[in-house]
>>> print(open('run_19.txt').read())   # compact mmCIF, C-alpha atoms
# COMPACT_ATOMS: atom_id res chain seq x y z
CA MET G 1 11.14 -4.28 -7.38
CA ALA G 2 8.58 -6.39 -5.61
CA ASP G 3 7.98 -3.87 -2.85
CA GLU G 4 7.58 -1.04 -5.25
CA ALA G 5 5.09 -2.99 -7.25
CA LEU G 6 3.07 -3.76 -4.12
CA PHE G 7 2.99 -0.10 -3.14
CA GLN G 8 2.08 1.01 -6.65
CA PHE G 9 -0.72 -1.49 -7.05
CA LEU G 10 -2.11 -0.72 -3.63
CA HIS G 11 -1.89 2.99 -4.30
CA ASN G 12 -3.79 2.51 -7.55
CA GLU G 13 -6.50 0.52 -5.81
CA LEU G 14 -6.82 3.25 -3.22
CA ILE G 15 -7.27 5.94 -5.87
CA GLN G 16 -9.78 3.87 -7.78
CA TYR G 17 -11.73 3.04 -4.67
CA VAL G 18 -11.86 6.62 -3.44
CA TYR G 19 -13.11 7.79 -6.83
CA LYS G 20 -15.54 4.94 -7.28
CA SER G 21 -17.08 5.37 -3.86
CA ALA G 22 -17.35 9.14 -4.24
CA GLU G 23 -20.82 10.54 -4.07
CA HIS G 24 -22.21 12.79 -6.72
CA GLY G 25 -20.38 16.09 -6.85
CA GLU G 26 -17.51 15.00 -4.61
CA MET G 27 -15.29 14.40 -7.57
CA GLU G 28 -15.74 17.88 -8.92
CA ASN G 29 -15.09 19.82 -5.76
CA GLY G 30 -11.84 18.08 -4.95
CA ARG G 31 -13.12 16.01 -2.03
CA CYS G 32 -11.46 12.89 -3.41
CA ILE G 33 -8.13 14.65 -3.61
CA THR G 34 -8.55 15.76 0.00
CA LYS G 35 -9.34 12.25 1.12
CA LEU G 36 -6.25 10.85 -0.59
CA GLU G 37 -4.18 13.66 0.87
CA ASN G 38 -5.44 12.89 4.36
CA MET G 39 -4.60 9.24 4.01
CA GLY G 40 -1.12 10.18 2.88
CA PHE G 41 -0.82 12.45 5.89
CA ARG G 42 -1.50 9.67 8.35
CA VAL G 43 0.80 7.24 6.55
CA GLY G 44 3.52 9.91 6.48
CA GLN G 45 3.15 10.48 10.20
CA GLY G 46 3.49 6.80 10.90
CA LEU G 47 6.42 6.27 8.59
CA ILE G 48 8.51 9.16 9.81
CA GLU G 49 8.08 7.94 13.35
CA ARG G 50 9.63 4.61 12.40
CA PHE G 51 12.35 6.07 10.21
CA THR G 52 13.62 8.63 12.70
CA ARG G 53 13.62 6.33 15.68
CA ASP G 54 17.39 5.94 15.56
CA THR G 55 18.45 9.16 13.87
CA ALA G 56 20.15 12.08 15.54
CA ARG G 57 18.18 15.23 16.34
CA PHE G 58 17.80 17.56 13.37
CA LYS G 59 19.76 20.82 13.38
CA ASP G 60 17.21 22.97 11.62
CA GLU G 61 14.41 23.09 9.07
CA LEU G 62 16.76 22.58 6.12
CA ASP G 63 18.19 19.54 7.82
CA VAL G 64 14.69 18.11 8.13
CA MET G 65 14.01 18.81 4.46
CA LYS G 66 17.20 17.06 3.43
CA PHE G 67 16.20 14.03 5.43
CA VAL G 68 12.85 13.96 3.64
CA CYS G 69 14.54 14.29 0.23
CA LYS G 70 17.08 11.58 0.87
CA ASP G 71 16.18 8.94 3.42
CA PHE G 72 12.42 9.29 3.44
CA TRP G 73 12.09 9.52 -0.34
CA THR G 74 14.45 6.63 -0.93
CA SER G 75 12.60 4.33 1.39
CA VAL G 76 9.25 5.08 -0.19
CA PHE G 77 10.13 5.69 -3.84
CA LYS G 78 13.50 3.91 -4.16
CA LYS G 79 15.29 7.04 -5.32
CA GLN G 80 16.22 10.43 -3.94
CA ILE G 81 14.69 13.74 -4.83
CA ASP G 82 16.74 15.05 -7.75
CA ASN G 83 16.76 18.68 -6.81
CA LEU G 84 15.94 20.63 -3.67
CA ARG G 85 15.63 24.38 -3.86
CA THR G 86 14.60 26.96 -1.32
CA ASN G 87 14.12 30.71 -1.16
CA HIS G 88 15.30 30.59 2.47
CA GLN G 89 11.99 32.10 3.49
CA GLY G 90 10.02 29.00 4.11
CA ILE G 91 9.42 27.75 0.59
CA TYR G 92 11.03 24.55 -0.64
CA VAL G 93 10.71 22.96 -4.04
CA LEU G 94 11.41 19.26 -4.30
CA GLN G 95 11.87 18.06 -7.83
CA ASP G 96 11.66 14.42 -8.82
CA ASN G 97 12.57 13.90 -12.47
CA LYS G 98 11.08 10.45 -12.59
CA PHE G 99 8.36 10.23 -10.02
CA ARG G 100 7.57 6.61 -9.36
CA LEU G 101 3.80 6.95 -9.17
CA LEU G 102 3.65 8.69 -12.53
CA THR G 103 5.88 6.36 -14.49
CA GLN G 104 2.97 3.98 -15.05
CA LEU G 105 1.11 6.69 -16.90
CA SER G 106 2.08 7.38 -20.45
CA ALA G 107 4.45 10.29 -20.86
CA GLY G 108 3.09 13.10 -22.94
CA LYS G 109 0.12 15.32 -22.39
CA GLN G 110 -2.62 12.81 -22.91
CA TYR G 111 -3.09 11.89 -19.28
CA LEU G 112 -1.84 15.09 -17.71
CA GLU G 113 -5.28 15.85 -16.35
CA HIS G 114 -5.19 12.65 -14.30
CA ALA G 115 -1.89 13.53 -12.64
CA PRO G 116 -3.38 15.29 -9.56
CA LYS G 117 -4.95 12.14 -8.22
CA TYR G 118 -1.63 10.33 -8.45
CA LEU G 119 0.08 13.10 -6.49
CA ALA G 120 -2.40 13.81 -3.71
CA PHE G 121 -1.38 10.91 -1.51
CA THR G 122 2.27 11.87 -1.75
CA CYS G 123 1.56 15.52 -0.91
CA GLY G 124 -0.07 14.24 2.25
CA LEU G 125 2.79 11.87 2.88
CA VAL G 126 5.27 14.74 2.90
CA ARG G 127 3.00 16.98 4.97
CA GLY G 128 2.43 14.21 7.52
CA GLY G 129 6.11 13.38 7.75
CA LEU G 130 7.05 17.01 8.27
CA ALA G 131 4.24 17.53 10.76
CA ASN G 132 5.56 14.75 12.94
CA LEU G 133 8.98 16.39 12.89
CA GLY G 134 7.44 19.61 14.13
CA VAL G 135 7.31 21.38 10.78
CA LYS G 136 3.82 22.52 9.84
CA SER G 137 3.40 22.99 6.11
CA ILE G 138 1.22 23.13 3.05
CA VAL G 139 2.31 20.81 0.25
CA THR G 140 1.21 21.09 -3.35
CA ALA G 141 2.37 19.34 -6.48
CA GLU G 142 2.80 20.35 -10.07
CA VAL G 143 3.52 18.40 -13.23
CA SER G 144 4.60 19.97 -16.47
CA VAL G 145 6.22 17.05 -18.29
CA MET G 146 5.48 13.51 -17.15
CA PRO G 147 6.90 11.73 -15.24
CA ALA G 148 8.77 14.68 -13.74
CA CYS G 149 7.08 16.40 -10.88
CA LYS G 150 7.63 19.23 -8.40
CA PHE G 151 6.42 19.31 -4.83
CA GLN G 152 6.21 22.72 -3.26
CA VAL G 153 6.41 22.88 0.52
CA MET G 154 5.31 26.11 2.18
CA ILE G 155 6.30 26.16 5.81
CA GLN G 156 3.65 27.58 8.10
CA LYS G 157 5.30 29.53 10.86
CA MET G 158 3.74 28.76 14.19
CA MET P 1 11.57 -2.54 7.57
CA ALA P 2 10.57 0.63 5.78
CA ASP P 3 8.75 -1.17 3.01
CA GLU P 4 6.83 -3.30 5.38
CA ALA P 5 5.77 -0.26 7.34
CA LEU P 6 4.55 1.45 4.18
CA PHE P 7 2.49 -1.56 3.18
CA GLN P 8 1.06 -1.95 6.67
CA PHE P 9 0.10 1.68 7.03
CA LEU P 10 -1.42 1.80 3.57
CA HIS P 11 -3.31 -1.42 4.24
CA ASN P 12 -4.68 0.06 7.45
CA GLU P 13 -5.81 3.20 5.67
CA LEU P 14 -7.53 1.09 3.07
CA ILE P 15 -9.44 -0.86 5.70
CA GLN P 16 -10.44 2.25 7.57
CA TYR P 17 -11.54 3.99 4.43
CA VAL P 18 -13.60 1.09 3.18
CA TYR P 19 -15.36 0.81 6.53
CA LYS P 20 -15.83 4.54 6.96
CA SER P 21 -17.27 5.03 3.50
CA ALA P 22 -19.58 2.04 3.85
CA GLU P 23 -23.23 2.78 3.61
CA HIS P 24 -25.69 1.72 6.23
CA GLY P 25 -26.02 -2.03 6.36
CA GLU P 26 -22.98 -2.75 4.20
CA MET P 27 -20.85 -3.46 7.20
CA GLU P 28 -23.21 -6.06 8.52
CA ASN P 29 -23.68 -8.07 5.38
CA GLY P 30 -19.98 -8.44 4.64
CA ARG P 31 -19.84 -6.02 1.70
CA CYS P 32 -16.73 -4.36 3.13
CA ILE P 33 -14.96 -7.67 3.38
CA THR P 34 -15.86 -8.39 -0.22
CA LYS P 35 -14.53 -5.03 -1.35
CA LEU P 36 -11.22 -5.56 0.41
CA GLU P 37 -11.04 -9.05 -1.00
CA ASN P 38 -11.60 -7.73 -4.52
CA MET P 39 -8.87 -5.15 -4.15
CA GLY P 40 -6.53 -7.85 -2.95
CA PHE P 41 -7.49 -9.94 -5.96
CA ARG P 42 -6.46 -7.25 -8.43
CA VAL P 43 -3.24 -6.50 -6.56
CA GLY P 44 -2.45 -10.22 -6.45
CA GLN P 45 -3.02 -10.52 -10.18
CA GLY P 46 -0.66 -7.65 -10.88
CA LEU P 47 2.02 -8.82 -8.50
CA ILE P 48 2.17 -12.40 -9.69
CA GLU P 49 2.55 -11.16 -13.23
CA ARG P 50 5.67 -9.25 -12.26
CA PHE P 51 7.08 -11.97 -10.05
CA THR P 52 6.74 -14.81 -12.49
CA ARG P 53 8.08 -12.93 -15.48
CA ASP P 54 11.42 -14.70 -15.27
CA THR P 55 10.51 -17.95 -13.59
CA ALA P 56 10.32 -21.32 -15.24
CA ARG P 57 6.98 -22.86 -16.09
CA PHE P 58 5.31 -24.56 -13.14
CA LYS P 59 5.13 -28.34 -13.13
CA ASP P 60 1.78 -28.71 -11.44
CA GLU P 61 -0.66 -27.26 -8.93
CA LEU P 62 1.52 -28.13 -5.96
CA ASP P 63 4.44 -26.41 -7.61
CA VAL P 64 2.32 -23.26 -7.97
CA MET P 65 1.30 -23.44 -4.30
CA LYS P 66 4.91 -23.77 -3.21
CA PHE P 67 5.80 -20.70 -5.22
CA VAL P 68 3.01 -18.77 -3.49
CA CYS P 69 4.17 -19.95 -0.06
CA LYS P 70 7.80 -19.11 -0.64
CA ASP P 71 8.58 -16.42 -3.20
CA PHE P 72 5.26 -14.63 -3.27
CA TRP P 73 4.77 -14.62 0.49
CA THR P 74 8.33 -13.52 1.14
CA SER P 75 8.11 -10.58 -1.19
CA VAL P 76 4.87 -9.35 0.33
CA PHE P 77 5.21 -10.33 3.98
CA LYS P 78 8.98 -10.73 4.39
CA LYS P 79 8.71 -14.31 5.55
CA GLN P 80 7.65 -17.66 4.16
CA ILE P 81 4.53 -19.55 5.00
CA ASP P 82 5.46 -21.75 7.96
CA ASN P 83 3.47 -24.78 7.00
CA LEU P 84 1.77 -25.97 3.84
CA ARG P 85 -0.58 -28.92 4.01
CA THR P 86 -2.81 -30.52 1.44
CA ASN P 87 -5.27 -33.38 1.26
CA HIS P 88 -4.16 -33.95 -2.37
CA GLN P 89 -7.75 -33.39 -3.45
CA GLY P 90 -7.64 -29.70 -4.08
CA ILE P 91 -7.53 -28.31 -0.55
CA TYR P 92 -4.43 -26.54 0.70
CA VAL P 93 -3.88 -25.03 4.10
CA LEU P 94 -1.23 -22.33 4.39
CA GLN P 95 -0.26 -21.57 7.95
CA ASP P 96 1.58 -18.40 8.94
CA ASN P 97 2.55 -18.47 12.60
CA LYS P 98 3.22 -14.77 12.74
CA PHE P 99 1.13 -13.10 10.12
CA ARG P 100 2.48 -9.63 9.46
CA LEU P 101 -0.84 -7.83 9.20
CA LEU P 102 -2.00 -9.18 12.54
CA THR P 103 1.12 -8.46 14.56
CA GLN P 104 0.01 -4.88 15.10
CA LEU P 105 -3.07 -6.10 16.88
CA SER P 106 -2.70 -7.20 20.44
CA ALA P 107 -2.34 -10.92 20.87
CA GLY P 108 -5.07 -12.52 22.89
CA LYS P 109 -8.76 -12.73 22.30
CA GLN P 110 -9.66 -9.09 22.78
CA TYR P 111 -9.50 -8.08 19.13
CA LEU P 112 -10.21 -11.45 17.59
CA GLU P 113 -13.47 -10.18 16.17
CA HIS P 114 -11.58 -7.59 14.13
CA ALA P 115 -9.28 -10.15 12.52
CA PRO P 116 -11.45 -10.80 9.42
CA LYS P 117 -10.99 -7.31 8.06
CA TYR P 118 -7.23 -7.65 8.34
CA LEU P 119 -7.31 -10.91 6.43
CA ALA P 120 -9.73 -10.14 3.59
CA PHE P 121 -7.22 -8.30 1.43
CA THR P 122 -4.72 -11.14 1.74
CA CYS P 123 -7.32 -13.77 0.86
CA GLY P 124 -7.91 -11.81 -2.31
CA LEU P 125 -4.19 -11.45 -2.89
CA VAL P 126 -3.74 -15.22 -2.88
CA ARG P 127 -6.82 -15.83 -4.99
CA GLY P 128 -5.73 -13.22 -7.54
CA GLY P 129 -2.20 -14.55 -7.70
CA LEU P 130 -3.42 -18.10 -8.23
CA ALA P 131 -6.01 -16.99 -10.77
CA ASN P 132 -3.32 -15.43 -12.90
CA LEU P 133 -1.40 -18.68 -12.79
CA GLY P 134 -4.43 -20.50 -14.09
CA VAL P 135 -5.58 -21.90 -10.75
CA LYS P 136 -9.13 -20.93 -9.88
CA SER P 137 -9.80 -21.07 -6.15
CA ILE P 138 -11.75 -19.95 -3.13
CA VAL P 139 -9.60 -18.63 -0.32
CA THR P 140 -10.73 -18.20 3.26
CA ALA P 141 -8.85 -17.38 6.42
CA GLU P 142 -9.11 -18.45 10.00
CA VAL P 143 -7.49 -17.20 13.19
CA SER P 144 -7.50 -19.08 16.43
CA VAL P 145 -4.58 -17.55 18.30
CA MET P 146 -3.21 -14.20 17.17
CA PRO P 147 -1.02 -13.49 15.29
CA ALA P 148 -1.07 -17.01 13.81
CA CYS P 149 -3.36 -17.53 10.91
CA LYS P 150 -4.44 -20.19 8.45
CA PHE P 151 -5.44 -19.61 4.85
CA GLN P 152 -7.47 -22.33 3.26
CA VAL P 153 -7.34 -22.60 -0.51
CA MET P 154 -10.00 -24.69 -2.21
CA ILE P 155 -9.14 -25.30 -5.83
CA GLN P 156 -12.11 -25.04 -8.17
CA LYS P 157 -11.77 -27.58 -10.90
CA MET P 158 -12.58 -26.09 -14.26
>>> encode(input="run_19.txt", output="structure tokens")
Amino acid sequence: MADEALFQFLHNELIQYVYKSAEHGEMENGRCITKLENMGFRVGQGLIERFTRDTARFKDELDVMKFVCKDFWTSVFKKQIDNLRTNHQGIYVLQDNKFRLLTQLSAGKQYLEHAPKYLAFTCGLVRGGLANLGVKSIVTAEVSVMPACKFQVMIQKM
Amino acid sequence: MADEALFQFLHNELIQYVYKSAEHGEMENGRCITKLENMGFRVGQGLIERFTRDTARFKDELDVMKFVCKDFWTSVFKKQIDNLRTNHQGIYVLQDNKFRLLTQLSAGKQYLEHAPKYLAFTCGLVRGGLANLGVKSIVTAEVSVMPACKFQVMIQKM
């Protein structure tokens, strides 16, 4: 519980700082989201390097995705992804029914508009992790009912 | 190990971001250090609130300091403070012989000048934690040989 709290508080500070230090207009055009995403990317790169140090080589792309949904997610968010779906053509949807970084926000629609800033870092985290495993991707997130959340990973063929 | 890594990477991103987004002159006059310290303060406040939810009431100031050195430090840095000293007049010195956030930096004197930015957040963390336990203080840090580090807590009598 302690570790989670530390991560959550630090994550909140990061969001607040990025938004507070934003220059005029940056907030509107999504620059803050990009910054948070980039930070997540670098953290994801670093983390996956540590986590996979002693793991066996991955069989294929799906194997990589499963690792992200289970081991990677558990170590960061203390739970697994609840549902992984794919169209077998390079699109994966990772569903977390109780996404840790949204549980602090009230459920309901009141704060739905604030959800994107709480998801940007994690989108980057996934993208960075995958990138370091040789899988180039675009990651977006979507919330319909808090605190459930879907991350869509579109693999970029190289 | 995973949790530590997450905290370390996030902490690094925070430092980099604060320094990168600093305006001209802010770096020189210590504004960045202050910002990091303030973030640490708020995180410390939040954390101590969680940690002490189920603990017994503290006997006195020394009892509070011991809690910070043991439970609080362990949950954040995965080890206890190695040495706690006090002059019994409101000054406490907390020594960590292998401070987690400095172990990534090379030992030796080469990067000694960069140490302050890796300590500011933690100074705030301690100050915030103590503040929420009713102990007002000024916390400074000092490094002589990396990665050992001393935090000096000066209690402000109210």
>>> closest_residue(input="run_19.txt", among="G:Ile91, G:Val64, G:Met146, G:Val76", to="chain P", atoms="all atoms listed in the file")
G:Val76
>>> closest_residue(input="run_19.txt", among="G:Val143, G:Ala107, G:Ser137, G:Leu36", to="Tyr17 of chain G", atoms="all atoms listed in the file")
G:Leu36
>>> residues_around(input="run_19.txt", residues="Ile155 of chain G", least_positions_apart="3", cutoff="9 Å", atoms="all atoms listed in the file", output="list in words")
Gln89, Gly90, Ile91, Tyr92, Val135, Lys136, Ser137, Ile138 and Val139 of chain G
>>> closest_residue(input="run_19.txt", among="G:Arg42, G:Lys150, G:Lys59, G:Arg127", to="Leu84 of chain G", atoms="only C-alpha atoms")
G:Lys150
>>> atom_distance(input="run_19.txt", atom1="atom CA of Phe77 of chain P", atom2="atom CA of Phe7 of chain P")
9.2 Å
>>> interface_residues(input="run_19.txt", of="chain G", to="chain P", cutoff="7 Å", atoms="only C-alpha atoms", output="number ranges by chain")
G: 2-3, 5-7, 9-10, 13-14, 39, 43, 47, 75
>>> atom_distance(input="run_19.txt", atom1="atom CA of Trp73 of chain G", atom2="atom CA of Leu130 of chain G")
12.5 Å
>>> atom_distance(input="run_19.txt", atom1="atom CA of Leu112 of chain G", atom2="atom CA of Phe99 of chain G")
13.7 Å
>>> closest_residue(input="run_19.txt", among="P:Thr34, P:Gln152, P:Ser144, P:Thr122", to="Leu101 of chain P", atoms="only C-alpha atoms")
P:Thr122
